[in-house]
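Participant: Provided below: input.pdb, containing PDB, N, CA and C atoms.
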```
ATOM      1  N   MET A  34     154.082  12.409 221.722
ATOM      2  CA  MET A  34     153.495  12.971 220.505
ATOM      3  C   MET A  34     152.122  13.571 220.824
ATOM      4  N   PHE A  35     151.887  14.755 220.332
ATOM      5  CA  PHE A  35     150.639  15.471 220.579
ATOM      6  C   PHE A  35     149.578  15.012 219.579
ATOM      7  N   ARG A  36     148.465  14.469 220.088
ATOM      8  CA  ARG A  36     147.388  13.989 219.220
ATOM      9  C   ARG A  36     146.186  14.924 219.228
ATOM     10  N   GLY A  37     146.356  16.133 219.733
ATOM     11  CA  GLY A  37     145.245  17.072 219.786
ATOM     12  C   GLY A  37     144.715  17.437 218.412
ATOM     13  N   GLY A  38     145.616  17.529 217.440
ATOM     14  CA  GLY A  38     145.187  17.852 216.081
ATOM     15  C   GLY A  38     144.336  16.756 215.475
ATOM     16  N   VAL A  39     144.712  15.514 215.752
ATOM     17  CA  VAL A  39     143.941  14.386 215.243
ATOM     18  C   VAL A  39     142.568  14.358 215.906
ATOM     19  N   MET A  40     142.536  14.583 217.204
ATOM     20  CA  MET A  40     141.257  14.571 217.916
ATOM     21  C   MET A  40     140.354  15.708 217.442
ATOM     22  N   LEU A  41     140.939  16.855 217.177
ATOM     23  CA  LEU A  41     140.143  17.987 216.707
ATOM     24  C   LEU A  41     139.554  17.705 215.326
ATOM     25  N   LYS A  42     140.340  17.115 214.453
ATOM     26  CA  LYS A  42     139.837  16.770 213.109
ATOM     27  C   LYS A  42     138.745  15.717 213.194
ATOM     28  N   LEU A  43     138.969  14.710 214.025
ATOM     29  CA  LEU A  43     137.975  13.652 214.184
ATOM     30  C   LEU A  43     136.691  14.203 214.793
ATOM     31  N   THR A  44     136.829  15.066 215.787
ATOM     32  CA  THR A  44     135.658  15.684 216.410
ATOM     33  C   THR A  44     134.900  16.547 215.404
ATOM     34  N   ALA A  45     135.623  17.274 214.564
ATOM     35  CA  ALA A  45     134.970  18.126 213.560
ATOM     36  C   ALA A  45     134.192  17.288 212.550
ATOM     37  N   MET A  46     134.763  16.172 212.132
ATOM     38  CA  MET A  46     134.058  15.315 211.174
ATOM     39  C   MET A  46     132.808  14.700 211.792
ATOM     40  N   ILE A  47     132.900  14.306 213.049
ATOM     41  CA  ILE A  47     131.745  13.726 213.725
ATOM     42  C   ILE A  47     130.702  14.804 214.014
ATOM     43  N   TYR A  48     131.166  16.027 214.299
ATOM     44  CA  TYR A  48     130.236  17.120 214.600
ATOM     45  C   TYR A  48     129.346  17.450 213.392
ATOM     46  N   ILE A  49     129.884  17.299 212.205
ATOM     47  CA  ILE A  49     129.082  17.562 211.009
ATOM     48  C   ILE A  49     127.830  16.690 211.007
ATOM     49  N   ILE A  50     127.982  15.455 211.394
ATOM     50  CA  ILE A  50     126.845  14.523 211.399
ATOM     51  C   ILE A  50     125.982  14.723 212.644
ATOM     52  N   VAL A  51     126.617  14.728 213.808
ATOM     53  CA  VAL A  51     125.873  14.799 215.063
ATOM     54  C   VAL A  51     125.211  16.162 215.234
ATOM     55  N   GLY A  52     125.896  17.225 214.816
ATOM     56  CA  GLY A  52     125.330  18.566 214.953
ATOM     57  C   GLY A  52     124.049  18.740 214.161
ATOM     58  N   SER A  53     124.076  18.291 212.929
ATOM     59  CA  SER A  53     122.856  18.424 212.116
ATOM     60  C   SER A  53     121.745  17.522 212.631
ATOM     61  N   MET A  54     122.109  16.344 213.139
ATOM     62  CA  MET A  54     121.099  15.431 213.669
ATOM     63  C   MET A  54     120.434  16.008 214.921
ATOM     64  N   LEU A  55     121.233  16.509 215.871
ATOM     65  CA  LEU A  55     120.645  17.048 217.095
ATOM     66  C   LEU A  55     119.909  18.362 216.857
ATOM     67  N   ALA A  56     120.450  19.203 215.993
ATOM     68  CA  ALA A  56     119.754  20.462 215.689
ATOM     69  C   ALA A  56     118.412  20.175 215.018
ATOM     70  N   GLY A  57     118.415  19.250 214.087
ATOM     71  CA  GLY A  57     117.165  18.877 213.415
ATOM     72  C   GLY A  57     116.166  18.246 214.366
ATOM     73  N   SER A  58     116.657  17.415 215.272
ATOM     74  CA  SER A  58     115.767  16.783 216.258
ATOM     75  C   SER A  58     115.153  17.820 217.192
ATOM     76  N   CYS A  59     115.949  18.795 217.603
ATOM     77  CA  CYS A  59     115.413  19.851 218.469
ATOM     78  C   CYS A  59     114.394  20.725 217.737
ATOM     79  N   VAL A  60     114.638  20.996 216.471
ATOM     80  CA  VAL A  60     113.673  21.783 215.690
ATOM     81  C   VAL A  60     112.369  21.005 215.534
ATOM     82  N   ILE A  61     112.468  19.709 215.259
ATOM     83  CA  ILE A  61     111.253  18.893 215.139
ATOM     84  C   ILE A  61     110.513  18.847 216.466
ATOM     85  N   ALA A  62     111.256  18.755 217.578
ATOM     86  CA  ALA A  62     110.607  18.764 218.892
ATOM     87  C   ALA A  62     109.888  20.090 219.144
ATOM     88  N   ALA A  63     110.514  21.198 218.756
ATOM     89  CA  ALA A  63     109.872  22.507 218.934
ATOM     90  C   ALA A  63     108.613  22.620 218.085
ATOM     91  N   LEU A  64     108.688  22.140 216.870
ATOM     92  CA  LEU A  64     107.507  22.198 216.002
ATOM     93  C   LEU A  64     106.392  21.286 216.512
ATOM     94  N   THR A  65     106.754  20.158 217.078
ATOM     95  CA  THR A  65     105.757  19.241 217.626
ATOM     96  C   THR A  65     105.041  19.853 218.821
ATOM     97  N   MET A  66     105.767  20.685 219.578
ATOM     98  CA  MET A  66     105.154  21.346 220.730
ATOM     99  C   MET A  66     104.345  22.577 220.329
ATOM    100  N   GLY A  67     104.255  22.840 219.039
ATOM    101  CA  GLY A  67     103.440  23.950 218.571
ATOM    102  C   GLY A  67     104.154  25.285 218.516
ATOM    103  N   ARG A  68     105.458  25.274 218.661
ATOM    104  CA  ARG A  68     106.246  26.512 218.621
ATOM    105  C   ARG A  68     106.607  26.800 217.160
ATOM    106  N   MET A  69     105.738  27.524 216.471
ATOM    107  CA  MET A  69     105.907  27.744 215.039
ATOM    108  C   MET A  69     106.610  29.053 214.693
ATOM    109  N   ASP A  70     107.004  29.849 215.687
ATOM    110  CA  ASP A  70     107.635  31.135 215.372
ATOM    111  C   ASP A  70     109.129  30.942 215.108
ATOM    112  N   ALA A  71     109.697  31.893 214.404
ATOM    113  CA  ALA A  71     111.092  31.789 213.966
ATOM    114  C   ALA A  71     112.070  31.797 215.130
ATOM    115  N   VAL A  72     111.760  32.534 216.173
ATOM    116  CA  VAL A  72     112.669  32.608 217.323
ATOM    117  C   VAL A  72     112.767  31.243 218.007
ATOM    118  N   SER A  73     111.647  30.585 218.220
ATOM    119  CA  SER A  73     111.665  29.272 218.872
ATOM    120  C   SER A  73     112.403  28.244 218.030
ATOM    121  N   ILE A  74     112.204  28.278 216.746
ATOM    122  CA  ILE A  74     112.890  27.334 215.855
ATOM    123  C   ILE A  74     114.388  27.607 215.861
ATOM    124  N   SER A  75     114.769  28.871 215.831
ATOM    125  CA  SER A  75     116.198  29.223 215.853
ATOM    126  C   SER A  75     116.848  28.834 217.173
ATOM    127  N   VAL A  76     116.165  29.080 218.273
ATOM    128  CA  VAL A  76     116.708  28.715 219.583
ATOM    129  C   VAL A  76     116.863  27.206 219.692
ATOM    130  N   ALA A  77     115.902  26.464 219.195
ATOM    131  CA  ALA A  77     115.984  25.004 219.230
ATOM    132  C   ALA A  77     117.170  24.509 218.401
ATOM    133  N   ALA A  78     117.397  25.113 217.243
ATOM    134  CA  ALA A  78     118.525  24.714 216.403
ATOM    135  C   ALA A  78     119.861  25.023 217.076
ATOM    136  N   VAL A  79     119.957  26.172 217.720
ATOM    137  CA  VAL A  79     121.198  26.546 218.407
ATOM    138  C   VAL A  79     121.447  25.626 219.603
ATOM    139  N   ILE A  80     120.407  25.301 220.348
ATOM    140  CA  ILE A  80     120.559  24.393 221.492
ATOM    141  C   ILE A  80     121.036  23.027 221.014
ATOM    142  N   GLY A  81     120.470  22.538 219.929
ATOM    143  CA  GLY A  81     120.901  21.256 219.387
ATOM    144  C   GLY A  81     122.338  21.290 218.896
ATOM    145  N   ALA A  82     122.717  22.378 218.243
ATOM    146  CA  ALA A  82     124.090  22.496 217.747
ATOM    147  C   ALA A  82     125.090  22.595 218.893
ATOM    148  N   LEU A  83     124.737  23.313 219.953
ATOM    149  CA  LEU A  83     125.633  23.416 221.110
ATOM    150  C   LEU A  83     125.711  22.105 221.890
ATOM    151  N   ALA A  84     124.599  21.397 221.972
ATOM    152  CA  ALA A  84     124.602  20.113 222.668
ATOM    153  C   ALA A  84     125.442  19.079 221.911
ATOM    154  N   ALA A  85     125.617  19.275 220.629
ATOM    155  CA  ALA A  85     126.383  18.329 219.822
ATOM    156  C   ALA A  85     127.886  18.444 220.043
ATOM    157  N   LEU A  86     128.356  19.555 220.577
ATOM    158  CA  LEU A  86     129.800  19.712 220.802
ATOM    159  C   LEU A  86     130.363  18.675 221.774
ATOM    160  N   PRO A  87     129.838  18.576 223.001
ATOM    161  CA  PRO A  87     130.397  17.546 223.895
ATOM    162  C   PRO A  87     130.088  16.126 223.439
ATOM    163  N   VAL A  88     128.950  15.936 222.780
ATOM    164  CA  VAL A  88     128.612  14.609 222.267
ATOM    165  C   VAL A  88     129.624  14.188 221.206
ATOM    166  N   SER A  89     129.984  15.092 220.320
ATOM    167  CA  SER A  89     130.967  14.793 219.280
ATOM    168  C   SER A  89     132.333  14.488 219.881
ATOM    169  N   TRP A  90     132.722  15.258 220.895
ATOM    170  CA  TRP A  90     134.006  15.007 221.553
ATOM    171  C   TRP A  90     134.014  13.635 222.231
ATOM    172  N   PHE A  91     132.905  13.276 222.879
ATOM    173  CA  PHE A  91     132.793  11.981 223.537
ATOM    174  C   PHE A  91     132.904  10.843 222.524
ATOM    175  N   ILE A  92     132.183  10.954 221.415
ATOM    176  CA  ILE A  92     132.235   9.915 220.380
ATOM    177  C   ILE A  92     133.629   9.836 219.775
ATOM    178  N   ALA A  93     134.250  10.979 219.516
ATOM    179  CA  ALA A  93     135.597  10.988 218.939
ATOM    180  C   ALA A  93     136.608  10.355 219.880
ATOM    181  N   THR A  94     136.468  10.598 221.181
ATOM    182  CA  THR A  94     137.372   9.991 222.158
ATOM    183  C   THR A  94     137.232   8.475 222.154
ATOM    184  N   LYS A  95     136.001   7.996 222.163
ATOM    185  CA  LYS A  95     135.772   6.550 222.140
ATOM    186  C   LYS A  95     136.278   5.934 220.839
ATOM    187  N   LEU A  96     136.038   6.610 219.732
ATOM    188  CA  LEU A  96     136.481   6.105 218.437
ATOM    189  C   LEU A  96     138.002   6.112 218.337
ATOM    190  N   ASN A  97     138.633   7.136 218.848
ATOM    191  CA  ASN A  97     140.092   7.229 218.817
ATOM    192  C   ASN A  97     140.723   6.124 219.669
ATOM    193  N   LYS A  98     140.120   5.826 220.811
ATOM    194  CA  LYS A  98     140.643   4.738 221.649
ATOM    195  C   LYS A  98     140.452   3.375 220.979
ATOM    196  N   ALA A  99     139.380   3.220 220.224
ATOM    197  CA  ALA A  99     139.153   1.954 219.530
ATOM    198  C   ALA A  99     140.123   1.786 218.365
ATOM    199  N   ILE A 100     140.448   2.894 217.704
ATOM    200  CA  ILE A 100     141.349   2.834 216.560
ATOM    201  C   ILE A 100     142.796   2.712 217.017
ATOM    202  N   ARG A 101     143.165   3.518 218.015
ATOM    203  CA  ARG A 101     144.542   3.551 218.509
ATOM    204  C   ARG A 101     144.576   3.184 219.990
ATOM    205  N   PRO A 102     144.577   1.897 220.310
ATOM    206  CA  PRO A 102     144.636   1.543 221.736
ATOM    207  C   PRO A 102     145.951   1.985 222.366
ATOM    208  N   ALA A 103     145.882   2.396 223.613
ATOM    209  CA  ALA A 103     147.065   2.935 224.302
ATOM    210  C   ALA A 103     148.055   1.883 224.692
TER     211      ALA A 103
END
```
Could you take the file, read its structure, and then write that structure out as structure tokens?

Facilitator:
Amino acid sequence: MFRGGVMLKLTAMIYIIVGSMLAGSCVIAALTMGRMDAVSISVAAVIGALAALPVSWFIATKLNKAIRPA
């Protein structure tokens, strides 16, 4: 049975939380470093959102194994 659809849905739900958390953390880090221009803030948000993709997949994999042991 193919569980790719379940993993994709689980990853998407986790990404909603992790993506906003990492993007927000990167924006706060940029502002703390004195980078007040729009380009720096946008780049920090994009970096955080992209970094959240593998993190979300990792968390979803661990959660899926805990819910459905092999």

Participant: I'd like to know which residues of chain A are alpha helix (DSSP H) (by DSSP, run on the backbone); could you write them as a ChimeraX atom specification?

Facilitator: /A:37-65,71-100

Participant: Taking (116.0, 23.7, 212.4) in the coordinates of the supplied file, I want to know which residues reach to within 7 Å of it, counting all atoms listed in the file; could you give the answer as a list in words?

Facilitator: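 So the residues meeting the distance criterion are Ala56, Gly57, Ser58, Cys59, Val60, Ile61, Ile74, Ser75, Ala77 and Ala78 of chain A.
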
Participant: What is the distance, in Å and to one decimal place, between atom C of Pro102 (chain A) and atom C of Ala45 (chain A)?

Facilitator: 21.7 Å

Participant: Tell me which of A:Trp90, A:Ala85, A:Leu96, A:Arg101 sits closest to Val51 (chain A), counting all atoms listed in the file.

Facilitator: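 When distances to Val51 (chain A) are compared using all atoms listed in the file, the smallest one comes from A:Ala85.
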
Participant: Do a neighbour search on Val88 (chain A) at 9 Å with only C-alpha atoms, toss out local chain neighbours closer than 3 positions, and write the hits as a list in words.

Facilitator: Tyr48, Val51, Gly52, Ala84, Ala85, Phe91, Ile92 and Ala93 of chain A

Participant: Using only the atoms of region 61-73 of chain A listed in the file, plus 8 Å on each side, state the axis-aligned box centre and edge lengths in Å rounded to one decimal, as JSON.

Facilitator:
```
{"center_x": 108.1, "center_y": 25.7, "center_z": 217.3, "size_x": 25.3, "size_y": 29.9, "size_z": 22.8}
```

Participant: Report the distance between atom C of Leu43 (chain A) and CA of Leu83 (chain A) in Å, rounded to one decimal place.

Facilitator: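 Spanning atom C of Leu43 (chain A) to CA of Leu83 (chain A) is a straight-line distance of 15.7 Å.
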
Participant: Mind giving me the straight-line distance from atom N of Leu55 (chain A) to CA of Gly38 (chain A) in Å, one decimal?

Facilitator: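 Distance between the two atoms: 24.0 Å.
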
Participant: Which residue is closest to Met40 (chain A)? Choose from A:Val76, A:Ala99, A:Thr94, A:Met69 and count only N, CA and C atoms.

Facilitator: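 Of A:Val76, A:Ala99, A:Thr94, A:Met69, the one nearest Met40 (chain A), counting only N, CA and C atoms, is A:Thr94.
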